[in-house]
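The block underneath contains the structure these notes are about, expressed in structure tokens.
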Amino acid sequence: MRLLPLIASAIVTTALVFTLNIQLKIGNAKAPRLGYFLSPQHGFWKNAEKIDANFDASIVANELQGNVDVYVDDRLVPHIYADHDQDAYFVQGYLHAKFRLWQMDFETRVASGRLSEIAGADKLPIDRMFRRLGMVYGAEKTEVNINETNPNMKATVDAYTAGVNAYIKQLDPADLPFEFKLMNYAPEDWTPKKTYLFLMFMSYDLTGRSASVDLQMTNTRDYLGYDLFDKLYTNQQDSLDPIIPKGTVYEKPSIVPVKPMNADSAYLHKPNSLAFNTVDMPEAPDKNNGSNNWAVAGSKTKSGRPILCSDPHLGLNLPSLWYEMQITTPTHSTYGASFPGSPAVIIGFNDSLAWGVTNAGRDVFDYYEIKFKDTTENEYWFNGAWKATTKRKEVIKVKDSLDVVEEIAMTHWGPTMFDAHYQNTQSNGRNLAVQWTAHNTSTGVETFYLLNRAKNYDDYLHAISLWTCPGQNFVLATKSGDIAIKQQGSFVARWERQGDFIMPGEDTSFQWQGIIPTNENPMIKNPERGFVSSANQKSTDASYPYYLGAASAFPLYRGISVNMHLNNMFQITAEDMQSLQTDNYNVFAATARPALMKYIQVDKLSSDAKRMVNEMTNWDLYNNVNAKGITCFKIIWDSVEQAVWGDELSGSTIPLLKPDAYVLLDQMLNDTNWSIADDIRTKDKVEDLKTQVTLGVEKATEKLLALEKENKLEWALFKATRVLHLTKTPALSRMNLPIGGGVNIINATTENHGPSWRMVVHLTDEIEAYGLYPGGQSGNPGSPYYDTFVNYWAEGKYYRLLFLPKEKLKQSERTKWHMQFQKSNS
Amino acid sequence: MKFIISILLSGLLTYAVGIYGDLPWWSFVITNLIIAIALPIKPAQAFVAGALGVGSLWAGLAFGIDMSNNHILSTKVAQILPMGGSYLLLIFATASIGALLGGLASLTGSFVRAHKS
């Protein structure tokens, strides 16, 4: 008689198991499989690491050639001591996986357009964009090239890959990283291609802004007409303090790019017949993806030895892009920040020298407009004939849905990014192919491999000569006293404005006319002023024989600030350099504030506006945590900009590029009767800058009063800097950090962007190095080492980096754990 | 006595099958079912025994893990799920789900024998 209850109970039990075993939809997001996720023996509880966890380990791996000892210090930084180079990279891969496996998987998924596979159809726009940009195409080309031509790099990447996979292989499903459980998927084997995809992503992050900007520039030019465009987006930067000091004499160029005869009509002045609507790029790289680096010579330091500083500015994420480590083998001993996903140390130092990088910002990405014969896209018009395309199929797997196939028409320029299949709703069928140096195979890994081992200036020069994309400013300081900086990459020899806009692609006239030979790239060694520096400004003044790209790609003011400080500093110590790296002085405001004051008609202001202007004028020009004056300055400046050129840009229905701040500032300093100031919407009167600036202040005051009410006038509260988890989940992020700085500031910390690794290396006999990044060595949100460095970073403090030979490190009181890697059990 | 043994066995076997990460997280449903068939008790008692066995095991494990983790992860997860960041609520939810499912499995098992007799 108990059959009915049995059936009922069995059904309820099964239904409950089923419900707890699937991902329920909560709002837009998918919840984890609750039963699995909450099970203390399977789910997230397993990732709750003991706060006094022991990281001692003994690992047996047949892939090794010998034994490897890893000593782990109190900040969970591993110090690898290997007898064979490849073993070191095996262990590096293993450790990256052990502490950062999920981010490695996730970042390479983003790069290869495979997010839909784990997150569903919502991610298709991002996936399609990265596929059509040729990210996978570029990585594949690099892989083929390295496999065929570079056995040493192949062996290095293979050893790294084997290390990652050795970790994955021994991983118990219950110990999967937290995010895999949260998002309900499993890691797959690492491959060399993933390493190249990761490096492609860095190329995109640092040079891919053109993918958006070239379209915006084109639209803006079409909207305003070239002449007005050229005024608002001028390539003239009056206050430029370039990386290579002004007045440097450059040799005659080996390539003299020739502007096509018809460029003015066919390119620059191209009429607005095809009003092209910008496709919203799902992920446009941050304009502030920049960095500072500099080196001071012994002549300027207290010790008489050089000091090198490097702080790359990137998106601030948890887990961090960076992972600190030391790698010591018989061939080299190197310490620094590595990329989980790639072998070797990326920014760091060895026992002979130190190096750092900043982004060159040069334009290496262009669009060419393609005329296809028909909708099959099998042929396109080139040099007076129909030329065949090849088709590249990219299959995007979509979770809970059918595969999406991208068929990309490949032209001799590169992949067709935009066509009838990939347009926004209002597009009118413009076909655009991408030419991008990142597609042209890269041996980037080798540059770092060689830098890790470099002993002197010549080694450095050779190592970086192999670097192609993304173009970087490589700074160097050696123990022997050399300092140098060189801008290196595959840079296109351009004529003025070439590639700033979409280029005609129907014949050869607008094609690239050559890549600038490496020895003609801007560089300087041991300059008289006793320091070298870069902060993403233009690398040279106008006397350099090649066009660097649109000026809007090069921030001006950080460079001015760095050079101003370094010029005035003597008897420098490592502590001085730390202070400079975290300096909050606002050199832009120092010039812009008096310029503003010249135009503000104070007697016409309301009392609230006067109060805000007072707050701004009494400010000490430092973007410090508690400063209110910077908030007032920023809102007022933005509002004045809006008043000045908002009218020119307001009629457009498509997103236009905002002119740079220096354009307005230079006008304020030079010319009070600037025609742009007039509000073109008021036909009956002509506004001058004074009227517009005063109007801007009144408008700003409304915003400032609202902020004051919310108690958000203090800079850090207004700016609300956060280090975001890669999934953007607030609970896994660090929000509202008390840190100053900002755009144009050496401490370039904005809302979600800033110094992602700060390093100061004093090249004394026993290297004295300091550094940290806003994250922690463990990628596990359940580990006490997940965000260990964030508070220190916000405070502008540094850790002394432990860089010692094996026997000394073993005995250091900061060494906590020992991981032993052995070839076999014996 | 069978009641007490049922509770202990349920907790013990749940733990045992949980050690193997390759087995599904709901394996204890099967073990509870078997216990309830092997040691017949009244359905209501079976439910309570199964619930207590799994529930207290899960509560204990979660609590222990959470203590030695200083609530680092539980506080975060209790914001994602969302439970206002309360680790206690999260432990309670964990135990409740284990208890409910464990109880239901045992209840189902108890009806098998009750049917036969």
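Residues are referred to by chain and number: the chain letter is A, B, ... according to the order shown in the structure tokens, the number counts from 1 in that chain, and ligands are numbered separately from 1 in the order shown.
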Skip Ile80 (chain B) itself and residues of its chain fewer than 3 positions away, then list as an mmCIF file with C-alpha atoms, in the first residue's frame all residues within 10 Å of it, counting only C-alpha atoms.
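As written to disk, selection-v5.cif reads:
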data_model
loop_
_atom_site.group_PDB
_atom_site.id
_atom_site.type_symbol
_atom_site.label_atom_id
_atom_site.label_comp_id
_atom_site.auth_asym_id
_atom_site.auth_seq_id
_atom_site.Cartn_x
_atom_site.Cartn_y
_atom_site.Cartn_z
ATOM 1 C CA ALA A 31 23.313 30.650 -10.985
ATOM 2 C CA LEU A 182 30.635 29.267 -10.315
ATOM 3 C CA THR A 729 31.369 40.406 -9.902
ATOM 4 C CA PRO A 730 31.527 43.060 -7.145
ATOM 5 C CA ALA A 731 31.772 40.501 -4.332
ATOM 6 C CA LEU A 732 35.009 39.186 -5.851
ATOM 7 C CA SER B 74 31.882 32.465 2.552
ATOM 8 C CA THR B 75 31.467 36.214 2.962
ATOM 9 C CA LYS B 76 32.017 36.671 -0.772
ATOM 10 C CA VAL B 77 29.757 33.812 -1.826
ATOM 11 C CA MET B 83 22.548 36.411 1.479
ATOM 12 C CA GLY B 84 23.714 39.812 2.582
ATOM 13 C CA GLY B 85 27.242 38.570 3.093
#
Report task. Could you please tell me, as a PyMOL selection string, which residues of chain A have an atom within 10 Å of chain B when using only C-alpha atoms? Result -> chain A and resi 1-14+16-18+20-21+26+31-32+34-53+171-175+178+182+729-733+780-784+786
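CA of Ser534 (chain A) lies 23.7 Å from CA of Arg453 (chain A).
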Report task. Can you pull out every residue within 8 Å of Thr334 (chain A), counting only C-alpha atoms, but drop anything in the same chain fewer than 6 positions away, and send it as a PyMOL selection string? Result -> chain A and resi 326-328+345+348-351+452-453
Requested in this report: Pick out each residue of region 446-691 of chain A that DSSP on the backbone tags as alpha helix (DSSP H); I need them as number ranges by chain.
Outcome: A: 446-453, 457-465, 557-567, 574-581, 587-599, 607-617, 629-650, 661-670, 689-691
Report task. Find the residues around Ile676 (chain A) up to 8 Å (only C-alpha atoms counted), leave out those fewer than 4 positions away in its own chain, and share them as number ranges by chain. Result -> A: 644-645, 648
Selection above as a file: N, CA and C atoms, as a tab-separated table (two decimals), in the first residue's frame:
chain	number	residue	atom	x	y	z
A	644	VAL	N	32.39	74.44	-25.18
A	644	VAL	CA	33.14	74.95	-26.32
A	644	VAL	C	32.88	74.12	-27.58
A	645	TRP	N	32.96	72.80	-27.49
A	645	TRP	CA	32.77	72.05	-28.73
A	645	TRP	C	31.56	71.12	-28.72
A	648	GLU	N	29.49	71.94	-31.79
A	648	GLU	CA	29.99	71.42	-33.06
A	648	GLU	C	29.65	69.94	-33.23
Query raised in the report: Between CA of Leu605 (chain A) and CA of Ala706 (chain A), what is the spacing in Å?
Result: 17.8 Å
Requested in this report: Excluding Ile560 (chain A) and residues on its chain fewer than 3 positions from it, collect all residues at most 12 Å away from it, counting only C-alpha atoms, and give them as an MDAnalysis selection string.
Outcome: chainID A and resid 238:243 245 292 533:538 555:557 563:567 585:588 590:591 744:746
What does the file look like for those residues with C-alpha atoms, as a PDB file, in the first residue's frame?
ATOM      1  CA  ASP A 238      52.740  72.681 -28.499  1.00  0.00           C
ATOM      2  CA  SER A 239      53.829  71.511 -25.084  1.00  0.00           C
ATOM      3  CA  LEU A 240      55.179  68.129 -26.186  1.00  0.00           C
ATOM      4  CA  ASP A 241      58.192  66.875 -24.260  1.00  0.00           C
ATOM      5  CA  PRO A 242      59.055  63.817 -26.352  1.00  0.00           C
ATOM      6  CA  ILE A 243      60.783  60.623 -25.216  1.00  0.00           C
ATOM      7  CA  PRO A 245      64.705  65.051 -26.340  1.00  0.00           C
ATOM      8  CA  ASN A 292      55.560  55.170 -17.175  1.00  0.00           C
ATOM      9  CA  SER A 533      61.962  58.234 -19.679  1.00  0.00           C
ATOM     10  CA  SER A 534      58.704  57.544 -21.426  1.00  0.00           C
ATOM     11  CA  ALA A 535      55.049  58.015 -20.552  1.00  0.00           C
ATOM     12  CA  ASN A 536      53.279  57.272 -23.837  1.00  0.00           C
ATOM     13  CA  GLN A 537      53.885  60.704 -25.288  1.00  0.00           C
ATOM     14  CA  LYS A 538      55.107  61.035 -28.868  1.00  0.00           C
ATOM     15  CA  PRO A 555      48.926  61.559 -23.904  1.00  0.00           C
ATOM     16  CA  LEU A 556      51.049  64.637 -23.252  1.00  0.00           C
ATOM     17  CA  TYR A 557      51.105  65.531 -19.624  1.00  0.00           C
ATOM     18  CA  ASN A 563      60.699  64.851 -17.058  1.00  0.00           C
ATOM     19  CA  MET A 564      60.097  67.963 -14.975  1.00  0.00           C
ATOM     20  CA  HIS A 565      60.651  65.991 -11.801  1.00  0.00           C
ATOM     21  CA  LEU A 566      63.631  64.016 -13.052  1.00  0.00           C
ATOM     22  CA  ASN A 567      65.340  67.166 -14.339  1.00  0.00           C
ATOM     23  CA  TYR A 585      50.943  66.277  -8.925  1.00  0.00           C
ATOM     24  CA  ASN A 586      48.600  67.464 -11.674  1.00  0.00           C
ATOM     25  CA  VAL A 587      50.767  69.165 -14.264  1.00  0.00           C
ATOM     26  CA  PHE A 588      47.826  69.629 -16.599  1.00  0.00           C
ATOM     27  CA  ALA A 590      48.918  73.570 -13.165  1.00  0.00           C
ATOM     28  CA  THR A 591      48.661  75.052 -16.654  1.00  0.00           C
ATOM     29  CA  ASN A 744      47.637  63.039 -16.620  1.00  0.00           C
ATOM     30  CA  ILE A 745      49.100  62.090 -13.229  1.00  0.00           C
ATOM     31  CA  ILE A 746      52.215  59.966 -12.789  1.00  0.00           C
TER      32      ILE A 746
END
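Counting from CA of His79 (chain A), the distance to CA of Gly290 (chain A) is 29.1 Å.
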Query raised in the report: Near Lys728 (chain A), within 12 Å and counting only C-alpha atoms, which residues show up once chain neighbours fewer than 2 positions away are dropped, as a ChimeraX atom specification?
Result: /A:315-319,722-726,730-735,752 /B:80
I need the residues from that last selection saved to file as a PDB file, in the first residue's frame (with C-alpha atoms), if you can.
ATOM      1  CA  GLY A 315      42.994  47.572 -16.543  1.00  0.00           C
ATOM      2  CA  LEU A 316      42.999  46.751 -12.836  1.00  0.00           C
ATOM      3  CA  ASN A 317      41.744  43.224 -12.406  1.00  0.00           C
ATOM      4  CA  LEU A 318      41.556  40.359  -9.978  1.00  0.00           C
ATOM      5  CA  PRO A 319      43.145  37.954 -10.472  1.00  0.00           C
ATOM      6  CA  ARG A 722      38.197  49.541  -8.053  1.00  0.00           C
ATOM      7  CA  VAL A 723      40.106  46.409  -8.888  1.00  0.00           C
ATOM      8  CA  LEU A 724      37.514  44.333 -10.686  1.00  0.00           C
ATOM      9  CA  HIS A 725      37.281  40.580 -10.854  1.00  0.00           C
ATOM     10  CA  LEU A 726      37.452  39.431 -14.480  1.00  0.00           C
ATOM     11  CA  PRO A 730      31.527  43.060  -7.145  1.00  0.00           C
ATOM     12  CA  ALA A 731      31.772  40.501  -4.332  1.00  0.00           C
ATOM     13  CA  LEU A 732      35.009  39.186  -5.851  1.00  0.00           C
ATOM     14  CA  SER A 733      36.395  42.688  -6.508  1.00  0.00           C
ATOM     15  CA  ARG A 734      37.885  45.424  -4.362  1.00  0.00           C
ATOM     16  CA  MET A 735      35.720  48.505  -4.622  1.00  0.00           C
ATOM     17  CA  ASN A 752      39.408  50.865 -13.098  1.00  0.00           C
TER      18      ASN A 752
ATOM     19  CA  ILE B  80      26.882  36.481  -4.835  1.00  0.00           C
TER      20      ILE B  80
END
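For region 630-636 of chain A, the list of residues within 6 Å, based on only C-alpha atoms and with local chain neighbours fewer than 4 positions off taken out, reads A:Met616, A:Val697, A:Ala700, A:Trp715.
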